[in-house]
>>> print(open('target_2.pdb').read())   # PDB, C-alpha atoms, pLDDT in the B column
ATOM      1  CA  MET A 880      60.054  68.110 -14.249  1.00 42.00           C
ATOM      2  CA  VAL A 881      63.152  70.304 -14.143  1.00 61.00           C
ATOM      3  CA  GLY A 882      66.171  70.883 -11.981  1.00 69.00           C
ATOM      4  CA  GLY A 883      66.633  74.023  -9.921  1.00 92.00           C
ATOM      5  CA  SER A 884      68.701  75.469  -7.119  1.00 96.00           C
ATOM      6  CA  VAL A 885      68.318  77.236  -3.789  1.00 97.00           C
ATOM      7  CA  HIS A 886      70.793  78.731  -1.344  1.00 96.00           C
ATOM      8  CA  ALA A 887      71.275  78.256   2.371  1.00 96.00           C
ATOM      9  CA  GLY A 888      73.853  80.762   3.518  1.00 95.00           C
ATOM     10  CA  GLU A 889      76.981  80.003   1.490  1.00 95.00           C
ATOM     11  CA  ALA A 890      75.668  76.594   0.422  1.00 98.00           C
ATOM     12  CA  GLN A 891      74.080  75.979  -2.961  1.00 98.00           C
ATOM     13  CA  VAL A 892      71.648  73.083  -3.276  1.00 98.00           C
ATOM     14  CA  ASP A 893      70.783  71.818  -6.764  1.00 98.00           C
ATOM     15  CA  SER A 894      68.012  69.379  -7.626  1.00 98.00           C
ATOM     16  CA  LEU A 895      68.994  66.805 -10.245  1.00 98.00           C
ATOM     17  CA  VAL A 896      66.352  64.725 -12.027  1.00 97.00           C
ATOM     18  CA  ASP A 897      67.475  61.194 -12.885  1.00 97.00           C
ATOM     19  CA  ALA A 898      64.190  59.900 -14.252  1.00 97.00           C
ATOM     20  CA  VAL A 899      60.454  60.524 -14.546  1.00 97.00           C
ATOM     21  CA  GLY A 900      57.980  57.693 -14.806  1.00 95.00           C
ATOM     22  CA  SER A 901      55.367  55.505 -13.172  1.00 95.00           C
ATOM     23  CA  PHE A 902      55.472  52.175 -11.387  1.00 95.00           C
ATOM     24  CA  ALA A 903      52.048  52.150  -9.716  1.00 96.00           C
ATOM     25  CA  THR A 904      48.520  53.509  -9.620  1.00 97.00           C
ATOM     26  CA  TYR A 905      47.313  55.895  -6.938  1.00 98.00           C
ATOM     27  CA  GLU A 906      44.818  53.322  -5.726  1.00 97.00           C
ATOM     28  CA  GLY A 907      47.538  50.714  -5.450  1.00 98.00           C
ATOM     29  CA  VAL A 908      50.015  52.675  -3.337  1.00 98.00           C
ATOM     30  CA  PHE A 909      47.753  55.098  -1.429  1.00 98.00           C
ATOM     31  CA  PRO A 910      44.849  52.818  -0.423  1.00 97.00           C
ATOM     32  CA  GLY A 911      43.478  55.288   2.105  1.00 96.00           C
ATOM     33  CA  ALA A 912      42.686  57.981  -0.473  1.00 97.00           C
ATOM     34  CA  THR A 913      39.775  58.187  -2.896  1.00 96.00           C
ATOM     35  CA  GLU A 914      39.502  59.773  -6.300  1.00 96.00           C
ATOM     36  CA  GLU A 915      37.618  62.600  -4.612  1.00 96.00           C
ATOM     37  CA  ASP A 916      40.630  63.123  -2.336  1.00 97.00           C
ATOM     38  CA  TRP A 917      42.933  63.338  -5.354  1.00 98.00           C
ATOM     39  CA  ALA A 918      40.776  65.736  -7.363  1.00 97.00           C
ATOM     40  CA  PRO A 919      42.306  68.959  -5.976  1.00 97.00           C
ATOM     41  CA  TRP A 920      45.802  67.519  -6.394  1.00 98.00           C
ATOM     42  CA  ARG A 921      45.094  66.691 -10.034  1.00 97.00           C
ATOM     43  CA  GLN A 922      44.296  70.346 -10.512  1.00 97.00           C
ATOM     44  CA  ARG A 923      47.256  71.597  -8.498  1.00 97.00           C
ATOM     45  CA  HIS A 924      49.939  69.233  -9.846  1.00 97.00           C
ATOM     46  CA  PRO A 925      48.654  67.611 -13.057  1.00 97.00           C
ATOM     47  CA  GLU A 926      52.165  66.436 -13.924  1.00 97.00           C
ATOM     48  CA  LEU A 927      51.908  63.862 -11.110  1.00 98.00           C
ATOM     49  CA  PHE A 928      48.963  62.123 -12.795  1.00 98.00           C
ATOM     50  CA  GLU A 929      48.751  59.998 -15.914  1.00 97.00           C
ATOM     51  CA  GLY A 930      45.212  58.661 -15.898  1.00 97.00           C
ATOM     52  CA  GLU A 931      45.055  56.483 -12.795  1.00 97.00           C
ATOM     53  CA  ALA A 932      48.840  56.145 -12.663  1.00 97.00           C
ATOM     54  CA  TRP A 933      51.138  58.043 -10.311  1.00 98.00           C
ATOM     55  CA  ARG A 934      53.763  59.764 -12.450  1.00 98.00           C
ATOM     56  CA  LEU A 935      56.689  61.021 -10.415  1.00 97.00           C
ATOM     57  CA  PRO A 936      60.257  62.270 -10.661  1.00 97.00           C
ATOM     58  CA  PHE A 937      63.231  60.449  -9.165  1.00 98.00           C
ATOM     59  CA  ARG A 938      65.609  63.108  -7.960  1.00 98.00           C
ATOM     60  CA  SER A 939      68.975  63.561  -6.264  1.00 98.00           C
ATOM     61  CA  PHE A 940      70.280  66.721  -4.607  1.00 98.00           C
ATOM     62  CA  LEU A 941      73.756  68.241  -4.869  1.00 98.00           C
ATOM     63  CA  ILE A 942      75.135  70.421  -2.068  1.00 98.00           C
ATOM     64  CA  ARG A 943      78.183  72.631  -2.599  1.00 98.00           C
ATOM     65  CA  THR A 944      79.627  74.507   0.356  1.00 98.00           C
ATOM     66  CA  ALA A 945      83.017  75.386   1.845  1.00 96.00           C
ATOM     67  CA  GLY A 946      84.832  73.595  -0.964  1.00 97.00           C
ATOM     68  CA  ARG A 947      82.863  70.393  -0.387  1.00 98.00           C
ATOM     69  CA  VAL A 948      80.579  68.594  -2.846  1.00 98.00           C
ATOM     70  CA  VAL A 949      77.923  66.291  -1.379  1.00 99.00           C
ATOM     71  CA  LEU A 950      75.503  64.253  -3.480  1.00 99.00           C
ATOM     72  CA  VAL A 951      72.349  63.142  -1.689  1.00 99.00           C
ATOM     73  CA  ASP A 952      71.116  59.861  -3.233  1.00 98.00           C
ATOM     74  CA  THR A 953      72.098  58.500  -6.645  1.00 98.00           C
ATOM     75  CA  GLY A 954      68.771  57.958  -8.368  1.00 97.00           C
ATOM     76  CA  VAL A 955      67.392  55.018 -10.321  1.00 96.00           C
ATOM     77  CA  GLY A 956      70.473  54.399 -12.456  1.00 95.00           C
ATOM     78  CA  PRO A 957      71.376  54.019 -16.135  1.00 95.00           C
ATOM     79  CA  ALA A 958      68.659  53.804 -18.750  1.00 92.00           C
ATOM     80  CA  SER A 959      69.418  50.142 -19.428  1.00 76.00           C
ATOM     81  CA  GLY A 960      69.772  49.327 -15.772  1.00 65.00           C
ATOM     82  CA  GLY A 961      67.057  46.790 -15.025  1.00 73.00           C
ATOM     83  CA  ASP A 962      63.445  45.697 -14.892  1.00 79.00           C
ATOM     84  CA  TRP A 963      62.305  48.201 -12.268  1.00 85.00           C
ATOM     85  CA  LEU A 964      61.061  51.318 -14.075  1.00 88.00           C
ATOM     86  CA  PRO A 965      62.234  49.932 -17.448  1.00 85.00           C
ATOM     87  CA  ASP A 966      61.536  53.241 -19.233  1.00 87.00           C
ATOM     88  CA  ARG A 967      63.919  55.119 -16.950  1.00 91.00           C
ATOM     89  CA  GLN A 968      65.895  57.899 -18.606  1.00 95.00           C
ATOM     90  CA  GLY A 969      69.117  57.795 -16.547  1.00 95.00           C
ATOM     91  CA  TRP A 970      69.782  61.539 -16.607  1.00 97.00           C
ATOM     92  CA  LEU A 971      71.865  61.944 -13.432  1.00 98.00           C
ATOM     93  CA  LEU A 972      75.311  62.251 -15.035  1.00 98.00           C
ATOM     94  CA  GLU A 973      73.912  64.693 -17.600  1.00 97.00           C
ATOM     95  CA  GLU A 974      72.368  66.684 -14.782  1.00 97.00           C
ATOM     96  CA  LEU A 975      75.701  66.828 -12.969  1.00 98.00           C
ATOM     97  CA  ALA A 976      77.321  68.060 -16.181  1.00 97.00           C
ATOM     98  CA  ARG A 977      74.597  70.714 -16.460  1.00 96.00           C
ATOM     99  CA  VAL A 978      75.676  72.190 -13.121  1.00 97.00           C
ATOM    100  CA  GLY A 979      79.378  71.792 -13.911  1.00 98.00           C
ATOM    101  CA  VAL A 980      80.242  68.898 -11.592  1.00 98.00           C
ATOM    102  CA  PRO A 981      81.915  65.745 -12.974  1.00 98.00           C
ATOM    103  CA  PRO A 982      81.404  62.554 -10.933  1.00 98.00           C
ATOM    104  CA  ASP A 983      85.015  62.608  -9.724  1.00 97.00           C
ATOM    105  CA  ALA A 984      84.407  66.029  -8.131  1.00 98.00           C
ATOM    106  CA  VAL A 985      81.830  64.578  -5.732  1.00 98.00           C
ATOM    107  CA  ASP A 986      83.658  63.967  -2.455  1.00 98.00           C
ATOM    108  CA  THR A 987      80.727  62.557  -0.441  1.00 98.00           C
ATOM    109  CA  VAL A 988      77.702  60.500  -1.443  1.00 98.00           C
ATOM    110  CA  PHE A 989      75.058  60.403   1.270  1.00 99.00           C
ATOM    111  CA  LEU A 990      72.234  57.888   0.968  1.00 98.00           C
ATOM    112  CA  THR A 991      69.005  58.818   2.740  1.00 98.00           C
ATOM    113  CA  HIS A 992      68.050  55.139   2.468  1.00 98.00           C
ATOM    114  CA  VAL A 993      68.701  52.171   0.210  1.00 98.00           C
ATOM    115  CA  HIS A 994      65.552  51.648  -1.850  1.00 98.00           C
ATOM    116  CA  VAL A 995      66.391  50.836  -5.460  1.00 96.00           C
ATOM    117  CA  ASP A 996      65.551  54.328  -6.749  1.00 97.00           C
ATOM    118  CA  HIS A 997      68.092  55.985  -4.450  1.00 98.00           C
ATOM    119  CA  VAL A 998      71.222  53.894  -5.107  1.00 97.00           C
ATOM    120  CA  GLY A 999      71.194  53.338  -8.871  1.00 96.00           C
ATOM    121  CA  TRP A1000      74.297  55.323  -9.814  1.00 97.00           C
ATOM    122  CA  ASN A1001      76.461  54.370  -6.810  1.00 98.00           C
ATOM    123  CA  HIS A1002      79.000  52.776  -9.138  1.00 97.00           C
ATOM    124  CA  ALA A1003      79.668  56.098 -10.891  1.00 98.00           C
ATOM    125  CA  PHE A1004      81.289  57.734  -7.847  1.00 98.00           C
ATOM    126  CA  GLU A1005      84.481  55.748  -7.362  1.00 96.00           C
ATOM    127  CA  ARG A1006      86.376  58.515  -5.576  1.00 96.00           C
ATOM    128  CA  ALA A1007      83.638  59.568  -3.191  1.00 98.00           C
ATOM    129  CA  ARG A1008      83.269  58.669   0.445  1.00 98.00           C
ATOM    130  CA  PHE A1009      79.878  57.053   0.978  1.00 98.00           C
ATOM    131  CA  VAL A1010      77.840  57.748   4.113  1.00 98.00           C
ATOM    132  CA  ALA A1011      74.703  55.917   5.231  1.00 98.00           C
ATOM    133  CA  HIS A1012      72.893  55.033   8.430  1.00 98.00           C
ATOM    134  CA  ARG A1013      74.400  52.003  10.104  1.00 98.00           C
ATOM    135  CA  ASP A1014      71.154  50.061   9.538  1.00 98.00           C
ATOM    136  CA  SER A1015      71.219  50.808   5.808  1.00 98.00           C
ATOM    137  CA  ILE A1016      74.531  49.089   5.177  1.00 98.00           C
ATOM    138  CA  PRO A1017      73.558  45.490   6.061  1.00 98.00           C
ATOM    139  CA  LEU A1018      70.059  46.028   4.634  1.00 98.00           C
ATOM    140  CA  SER A1019      71.453  47.005   1.236  1.00 97.00           C
ATOM    141  CA  ALA A1020      73.681  43.920   1.224  1.00 97.00           C
ATOM    142  CA  GLU A1021      70.713  41.711   2.098  1.00 97.00           C
ATOM    143  CA  ARG A1022      68.848  43.134  -0.890  1.00 94.00           C
ATOM    144  CA  GLY A1023      71.673  42.295  -3.272  1.00 94.00           C
ATOM    145  CA  ARG A1024      73.012  45.844  -3.598  1.00 94.00           C
ATOM    146  CA  PRO A1025      76.024  46.011  -1.246  1.00 97.00           C
ATOM    147  CA  LEU A1026      77.364  49.484  -0.598  1.00 98.00           C
ATOM    148  CA  PRO A1027      81.050  50.242  -1.214  1.00 96.00           C
ATOM    149  CA  GLU A1028      83.481  49.091   1.467  1.00 94.00           C
ATOM    150  CA  ARG A1029      84.427  52.740   2.004  1.00 92.00           C
ATOM    151  CA  THR A1030      80.922  53.521   3.331  1.00 98.00           C
ATOM    152  CA  ASP A1031      80.923  55.258   6.716  1.00 98.00           C
ATOM    153  CA  ALA A1032      78.151  54.201   9.098  1.00 98.00           C
ATOM    154  CA  VAL A1033      76.368  56.954  11.035  1.00 98.00           C
ATOM    155  CA  GLU A1034      73.392  57.302  13.359  1.00 97.00           C
ATOM    156  CA  GLY A1035      71.653  60.108  15.240  1.00 98.00           C
ATOM    157  CA  GLU A1036      72.988  63.276  13.640  1.00 98.00           C
ATOM    158  CA  ALA A1037      76.088  63.401  11.457  1.00 98.00           C
ATOM    159  CA  GLU A1038      77.844  66.368   9.854  1.00 98.00           C
ATOM    160  CA  LEU A1039      78.478  65.692   6.167  1.00 98.00           C
ATOM    161  CA  ALA A1040      80.083  69.090   5.461  1.00 98.00           C
ATOM    162  CA  PRO A1041      80.125  72.425   7.287  1.00 97.00           C
ATOM    163  CA  GLY A1042      76.485  73.273   8.018  1.00 98.00           C
ATOM    164  CA  VAL A1043      75.218  70.110   6.326  1.00 98.00           C
ATOM    165  CA  VAL A1044      73.809  67.650   8.868  1.00 98.00           C
ATOM    166  CA  ALA A1045      72.091  64.298   8.373  1.00 98.00           C
ATOM    167  CA  PHE A1046      69.320  63.472  10.846  1.00 98.00           C
ATOM    168  CA  GLU A1047      67.251  60.377  11.529  1.00 98.00           C
ATOM    169  CA  ALA A1048      63.770  60.316  10.017  1.00 98.00           C
ATOM    170  CA  PRO A1049      62.491  56.819  10.778  1.00 98.00           C
ATOM    171  CA  GLY A1050      59.618  54.810   9.375  1.00 98.00           C
ATOM    172  CA  HIS A1051      60.001  54.556   5.607  1.00 98.00           C
ATOM    173  CA  LEU A1052      62.840  52.022   5.669  1.00 98.00           C
ATOM    174  CA  PRO A1053      65.302  51.040   8.412  1.00 98.00           C
ATOM    175  CA  GLY A1054      68.020  53.668   8.521  1.00 98.00           C
ATOM    176  CA  HIS A1055      66.044  56.373   6.742  1.00 98.00           C
ATOM    177  CA  MET A1056      67.504  59.880   7.194  1.00 98.00           C
ATOM    178  CA  GLY A1057      67.033  63.453   6.014  1.00 98.00           C
ATOM    179  CA  VAL A1058      69.497  66.338   5.608  1.00 98.00           C
ATOM    180  CA  ARG A1059      69.346  69.916   6.814  1.00 98.00           C
ATOM    181  CA  VAL A1060      71.440  72.587   5.137  1.00 98.00           C
ATOM    182  CA  GLY A1061      72.114  75.618   7.285  1.00 97.00           C
ATOM    183  CA  ASP A1062      68.976  77.139   8.766  1.00 97.00           C
ATOM    184  CA  GLU A1063      67.148  77.472   5.463  1.00 97.00           C
ATOM    185  CA  VAL A1064      66.750  74.070   3.768  1.00 98.00           C
ATOM    186  CA  ALA A1065      65.698  70.547   4.765  1.00 98.00           C
ATOM    187  CA  LEU A1066      65.900  67.602   2.364  1.00 98.00           C
ATOM    188  CA  LEU A1067      63.310  65.047   3.421  1.00 98.00           C
ATOM    189  CA  GLY A1068      64.284  61.902   1.531  1.00 98.00           C
ATOM    190  CA  ASP A1069      61.104  59.824   1.410  1.00 98.00           C
ATOM    191  CA  VAL A1070      59.553  61.175   4.599  1.00 98.00           C
ATOM    192  CA  ALA A1071      56.828  62.238   2.167  1.00 98.00           C
ATOM    193  CA  VAL A1072      56.605  60.976  -1.406  1.00 98.00           C
ATOM    194  CA  HIS A1073      53.611  63.107  -2.418  1.00 98.00           C
ATOM    195  CA  PRO A1074      52.657  66.660  -1.348  1.00 98.00           C
ATOM    196  CA  ALA A1075      49.336  65.312  -0.053  1.00 98.00           C
ATOM    197  CA  GLN A1076      51.199  63.579   2.782  1.00 98.00           C
ATOM    198  CA  LEU A1077      52.353  66.903   4.231  1.00 98.00           C
ATOM    199  CA  VAL A1078      48.727  68.047   4.405  1.00 98.00           C
ATOM    200  CA  ARG A1079      47.544  64.663   5.639  1.00 98.00           C
ATOM    201  CA  PRO A1080      50.478  63.067   7.522  1.00 98.00           C
ATOM    202  CA  GLY A1081      48.523  59.889   8.218  1.00 97.00           C
ATOM    203  CA  LEU A1082      48.085  59.090   4.525  1.00 98.00           C
ATOM    204  CA  VAL A1083      49.623  55.634   4.137  1.00 97.00           C
ATOM    205  CA  TYR A1084      52.058  54.830   1.324  1.00 98.00           C
ATOM    206  CA  THR A1085      52.344  51.079   0.872  1.00 97.00           C
ATOM    207  CA  ALA A1086      56.154  51.135   0.529  1.00 97.00           C
ATOM    208  CA  ASP A1087      56.532  52.552   4.041  1.00 97.00           C
ATOM    209  CA  GLY A1088      57.886  49.876   6.338  1.00 97.00           C
ATOM    210  CA  ASP A1089      56.230  51.327   9.436  1.00 98.00           C
ATOM    211  CA  PRO A1090      53.294  53.527   8.397  1.00 97.00           C
ATOM    212  CA  GLU A1091      52.482  54.730  11.926  1.00 98.00           C
ATOM    213  CA  ARG A1092      56.086  55.777  12.561  1.00 98.00           C
ATOM    214  CA  CYS A1093      56.161  57.459   9.155  1.00 98.00           C
ATOM    215  CA  ALA A1094      53.129  59.537  10.097  1.00 98.00           C
ATOM    216  CA  GLU A1095      54.797  60.538  13.373  1.00 98.00           C
ATOM    217  CA  THR A1096      57.965  61.488  11.505  1.00 98.00           C
ATOM    218  CA  ARG A1097      56.026  63.641   9.062  1.00 98.00           C
ATOM    219  CA  ARG A1098      54.401  65.498  11.946  1.00 98.00           C
ATOM    220  CA  GLU A1099      57.770  65.931  13.675  1.00 98.00           C
ATOM    221  CA  VAL A1100      59.429  67.191  10.494  1.00 98.00           C
ATOM    222  CA  LEU A1101      56.611  69.666   9.863  1.00 97.00           C
ATOM    223  CA  ALA A1102      56.929  70.986  13.421  1.00 98.00           C
ATOM    224  CA  ARG A1103      60.712  71.273  13.270  1.00 98.00           C
ATOM    225  CA  TYR A1104      61.370  72.289   9.677  1.00 98.00           C
ATOM    226  CA  GLY A1105      58.051  73.655   8.448  1.00 97.00           C
ATOM    227  CA  ASP A1106      59.432  77.182   8.103  1.00 97.00           C
ATOM    228  CA  ARG A1107      62.234  76.066   5.767  1.00 98.00           C
ATOM    229  CA  ILE A1108      62.531  75.351   2.088  1.00 98.00           C
ATOM    230  CA  LEU A1109      61.679  71.655   1.848  1.00 98.00           C
ATOM    231  CA  GLY A1110      63.363  69.536  -0.805  1.00 98.00           C
ATOM    232  CA  CYS A1111      61.535  66.323  -1.690  1.00 98.00           C
ATOM    233  CA  GLY A1112      62.855  63.875  -4.243  1.00 97.00           C
ATOM    234  CA  HIS A1113      59.502  62.772  -5.688  1.00 98.00           C
ATOM    235  CA  PHE A1114      57.673  66.111  -5.579  1.00 98.00           C
ATOM    236  CA  PRO A1115      56.859  68.119  -8.730  1.00 96.00           C
ATOM    237  CA  GLY A1116      58.674  71.046 -10.297  1.00 94.00           C
ATOM    238  CA  THR A1117      62.185  71.446  -8.942  1.00 96.00           C
ATOM    239  CA  GLY A1118      61.353  69.496  -5.783  1.00 97.00           C
ATOM    240  CA  PHE A1119      61.798  72.659  -3.701  1.00 98.00           C
ATOM    241  CA  GLY A1120      58.898  74.388  -1.991  1.00 97.00           C
ATOM    242  CA  ARG A1121      57.623  76.038   1.164  1.00 97.00           C
ATOM    243  CA  LEU A1122      54.537  75.475   3.250  1.00 97.00           C
ATOM    244  CA  VAL A1123      51.929  78.096   2.385  1.00 97.00           C
ATOM    245  CA  ASP A1124      48.794  77.816   4.518  1.00 95.00           C
ATOM    246  CA  GLY A1125      49.935  74.310   5.395  1.00 95.00           C
ATOM    247  CA  VAL A1126      50.350  73.178   1.781  1.00 97.00           C
ATOM    248  CA  TRP A1127      53.757  72.446   0.214  1.00 97.00           C
ATOM    249  CA  THR A1128      53.994  75.031  -2.531  1.00 96.00           C
ATOM    250  CA  PRO A1129      56.689  75.382  -5.215  1.00 93.00           C
ATOM    251  CA  PRO A1130      57.769  78.919  -6.114  1.00 87.00           C
ATOM    252  CA  SER A1131      55.718  78.870  -9.324  1.00 69.00           C
ATOM    253  CA  HIS A1132      52.522  78.414  -7.269  1.00 59.00           C
ATOM    254  CA  GLU A1133      53.183  81.072  -4.609  1.00 54.00           C
TER
END
>>> encode(input="target_2.pdb", output="structure tokens")
Amino acid sequence: MVGGSVHAGEAQVDSLVDAVGSFATYEGVFPGATEEDWAPWRQRHPELFEGEAWRLPFRSFLIRTAGRVVLVDTGVGPASGGDWLPDRQGWLLEELARVGVPPDAVDTVFLTHVHVDHVGWNHAFERARFVAHRDSIPLSAERGRPLPERTDAVEGEAELAPGVVAFEAPGHLPGHMGVRVGDEVALLGDVAVHPAQLVRPGLVYTADGDPERCAETRREVLARYGDRILGCGHFPGTGFGRLVDGVWTPPSHE
């Protein structure tokens, strides 16, 4: 799993890997799929499989445009950060250094949603304005991870920087959102957590709060943004790919 970058007009979008690991088996989190269903995916993306376990990256995205620096999600958190994914690597700050951006240079942190693997480094961005859906703010507090007081609540569509717009993508968790960058890139948050879900939008992931709404959102996103580069935080490679014959395909597979 490696970082990479794409461009959307004047904007540069970097993928930043915070951790790689496993917290579940395929059977446990995708109960509607069989081993036969997974066989072609094992061949296509072997890095997502470790025996019966689902091995996945936990990724943030950095957007730089018009003098603005926007970080989308803050990963799992430091290597010694807790019981969830105890073997986490905590690479996010190193990844930021790799692309030449210290934490204090990030002016906006946007959270697609507030699951534990998307808010782990929030504390590292003391100077940034935080932005999240209005439903995410009380939900995060209820879960024992209150967002900073300087968090701006948004809904519908919200411009984060010139040409960078957050949009609602409901179903996975209350307040879930995605981000489009210019006319070329869409960052999907956890609309889909495995490439198989873009081929089979009805494939249920047990962490989805509303599986039926998630399936609808996947279909809507494919219809609206299917011609763009799609950035997905738990997908293989750099997390960037395009639909080729209906299958999300990273550049190395085209």
>>> resolve_selection(input="target_2.pdb", expression="the PyMOL selection byres ((chain A and resi 1108) around 9)", output="NGL selection string")
:A and (885 or 1063-1066 or 1104-1107 or 1109-1110 or 1119-1122)
>>> resolve_selection(input="target_2.pdb", expression="the PyMOL selection byres ((chain A and resi 901) around 6)", output="ChimeraX atom specification")
/A:900,902-903,933-934
>>> atom_distance(input="target_2.pdb", atom1="atom CA of A:Leu1067", atom2="atom CA of A:Trp1000")
19.8 Å
>>> residues_around(input="target_2.pdb", residues="A:Ala1075", least_positions_apart="2", cutoff="9 Å", atoms="only C-alpha atoms", output="list in words")
Trp917, Trp920, Ala1071, Val1072, His1073, Leu1077, Val1078, Arg1079, Pro1080, Leu1082, Val1126 and Trp1127 of chain A
>>> write_last_selection(input="target_2.pdb", atoms="C-alpha atoms", output="PDB file, in the coordinates of the input")
ATOM      1  CA  TRP A 917      42.933  63.338  -5.354  1.00 98.00           C
ATOM      2  CA  TRP A 920      45.802  67.519  -6.394  1.00 98.00           C
ATOM      3  CA  ALA A1071      56.828  62.238   2.167  1.00 98.00           C
ATOM      4  CA  VAL A1072      56.605  60.976  -1.406  1.00 98.00           C
ATOM      5  CA  HIS A1073      53.611  63.107  -2.418  1.00 98.00           C
ATOM      6  CA  LEU A1077      52.353  66.903   4.231  1.00 98.00           C
ATOM      7  CA  VAL A1078      48.727  68.047   4.405  1.00 98.00           C
ATOM      8  CA  ARG A1079      47.544  64.663   5.639  1.00 98.00           C
ATOM      9  CA  PRO A1080      50.478  63.067   7.522  1.00 98.00           C
ATOM     10  CA  LEU A1082      48.085  59.090   4.525  1.00 98.00           C
ATOM     11  CA  VAL A1126      50.350  73.178   1.781  1.00 97.00           C
ATOM     12  CA  TRP A1127      53.757  72.446   0.214  1.00 97.00           C
TER      13      TRP A1127
END
>>> resolve_selection(input="target_2.pdb", expression="the PyMOL selection byres ((chain A and resi 1052-1059) around 9)", output="PDB file with C-alpha atoms, keeping the file's coordinate frame")
ATOM      1  CA  VAL A 951      72.349  63.142  -1.689  1.00 99.00           C
ATOM      2  CA  LEU A 990      72.234  57.888   0.968  1.00 98.00           C
ATOM      3  CA  THR A 991      69.005  58.818   2.740  1.00 98.00           C
ATOM      4  CA  HIS A 992      68.050  55.139   2.468  1.00 98.00           C
ATOM      5  CA  VAL A 993      68.701  52.171   0.210  1.00 98.00           C
ATOM      6  CA  HIS A 994      65.552  51.648  -1.850  1.00 98.00           C
ATOM      7  CA  ALA A1011      74.703  55.917   5.231  1.00 98.00           C
ATOM      8  CA  HIS A1012      72.893  55.033   8.430  1.00 98.00           C
ATOM      9  CA  ARG A1013      74.400  52.003  10.104  1.00 98.00           C
ATOM     10  CA  ASP A1014      71.154  50.061   9.538  1.00 98.00           C
ATOM     11  CA  SER A1015      71.219  50.808   5.808  1.00 98.00           C
ATOM     12  CA  ILE A1016      74.531  49.089   5.177  1.00 98.00           C
ATOM     13  CA  LEU A1018      70.059  46.028   4.634  1.00 98.00           C
ATOM     14  CA  GLU A1034      73.392  57.302  13.359  1.00 97.00           C
ATOM     15  CA  GLY A1042      76.485  73.273   8.018  1.00 98.00           C
ATOM     16  CA  VAL A1043      75.218  70.110   6.326  1.00 98.00           C
ATOM     17  CA  VAL A1044      73.809  67.650   8.868  1.00 98.00           C
ATOM     18  CA  ALA A1045      72.091  64.298   8.373  1.00 98.00           C
ATOM     19  CA  PHE A1046      69.320  63.472  10.846  1.00 98.00           C
ATOM     20  CA  GLU A1047      67.251  60.377  11.529  1.00 98.00           C
ATOM     21  CA  ALA A1048      63.770  60.316  10.017  1.00 98.00           C
ATOM     22  CA  PRO A1049      62.491  56.819  10.778  1.00 98.00           C
ATOM     23  CA  GLY A1050      59.618  54.810   9.375  1.00 98.00           C
ATOM     24  CA  HIS A1051      60.001  54.556   5.607  1.00 98.00           C
ATOM     25  CA  VAL A1060      71.440  72.587   5.137  1.00 98.00           C
ATOM     26  CA  GLY A1061      72.114  75.618   7.285  1.00 97.00           C
ATOM     27  CA  ASP A1062      68.976  77.139   8.766  1.00 97.00           C
ATOM     28  CA  GLU A1063      67.148  77.472   5.463  1.00 97.00           C
ATOM     29  CA  VAL A1064      66.750  74.070   3.768  1.00 98.00           C
ATOM     30  CA  ALA A1065      65.698  70.547   4.765  1.00 98.00           C
ATOM     31  CA  LEU A1066      65.900  67.602   2.364  1.00 98.00           C
ATOM     32  CA  LEU A1067      63.310  65.047   3.421  1.00 98.00           C
ATOM     33  CA  GLY A1068      64.284  61.902   1.531  1.00 98.00           C
ATOM     34  CA  ASP A1069      61.104  59.824   1.410  1.00 98.00           C
ATOM     35  CA  VAL A1070      59.553  61.175   4.599  1.00 98.00           C
ATOM     36  CA  ALA A1086      56.154  51.135   0.529  1.00 97.00           C
ATOM     37  CA  ASP A1087      56.532  52.552   4.041  1.00 97.00           C
ATOM     38  CA  GLY A1088      57.886  49.876   6.338  1.00 97.00           C
ATOM     39  CA  ASP A1089      56.230  51.327   9.436  1.00 98.00           C
ATOM     40  CA  TYR A1104      61.370  72.289   9.677  1.00 98.00           C
TER      41      TYR A1104
END
>>> closest_residue(input="target_2.pdb", among="A:Ala1007, A:Val1083, A:Leu950, A:Val1033", to="A:Tyr905", atoms="only C-alpha atoms")
A:Val1083
>>> axis_aligned_box(input="target_2.pdb", around="stretch 902-918 of chain A", padding_each_side="5 Å", output="lines of an AutoDock Vina configuration file")
center_x = 46.5
center_y = 58.2
center_z = -4.6
size_x = 27.9
size_y = 25.0
size_z = 23.5
>>> closest_residue(input="target_2.pdb", among="A:Val899, A:Ala1102, A:Leu941, A:Val1123", to="A:Pro965", atoms="all atoms listed in the file")
A:Val899
>>> closest_residue(input="target_2.pdb", among="A:Leu1039, A:Val949, A:Ala932, A:Leu927", to="A:Val892", atoms="only C-alpha atoms")
A:Val949
>>> residues_around(input="target_2.pdb", residues="A:Ala890", least_positions_apart="6", cutoff="7 Å", atoms="all atoms listed in the file", output="ChimeraX atom specification")
/A:942-944
>>> closest_residue(input="target_2.pdb", among="A:Gly1116, A:Glu1095, A:Phe989, A:Ala958", to="A:Pro925", atoms="only C-alpha atoms")
A:Gly1116
>>> closest_residue(input="target_2.pdb", among="A:Val948, A:Leu964, A:Ala1003, A:Cys1111", to="A:Val896", atoms="all atoms listed in the file")
A:Cys1111
>>> atom_distance(input="target_2.pdb", atom1="atom CA of A:Phe909", atom2="atom CA of A:Asp897")
23.6 Å
>>> residues_around(input="target_2.pdb", residues="A:Asp996", least_positions_apart="4", cutoff="10 Å", atoms="only C-alpha atoms", output="short mmCIF file (atom, residue, chain, number, x, y, z; two decimals) with C-alpha atoms, in the coordinates of the input")
data_model
loop_
_atom_site.label_atom_id
_atom_site.label_comp_id
_atom_site.auth_asym_id
_atom_site.auth_seq_id
_atom_site.Cartn_x
_atom_site.Cartn_y
_atom_site.Cartn_z
CA ASP A 897 67.47 61.19 -12.88
CA ALA A 898 64.19 59.90 -14.25
CA PHE A 937 63.23 60.45 -9.16
CA ARG A 938 65.61 63.11 -7.96
CA SER A 939 68.97 63.56 -6.26
CA ASP A 952 71.12 59.86 -3.23
CA THR A 953 72.10 58.50 -6.64
CA GLY A 954 68.77 57.96 -8.37
CA VAL A 955 67.39 55.02 -10.32
CA GLY A 956 70.47 54.40 -12.46
CA TRP A 963 62.30 48.20 -12.27
CA LEU A 964 61.06 51.32 -14.08
CA HIS A 992 68.05 55.14 2.47
CA TRP A 1000 74.30 55.32 -9.81
#
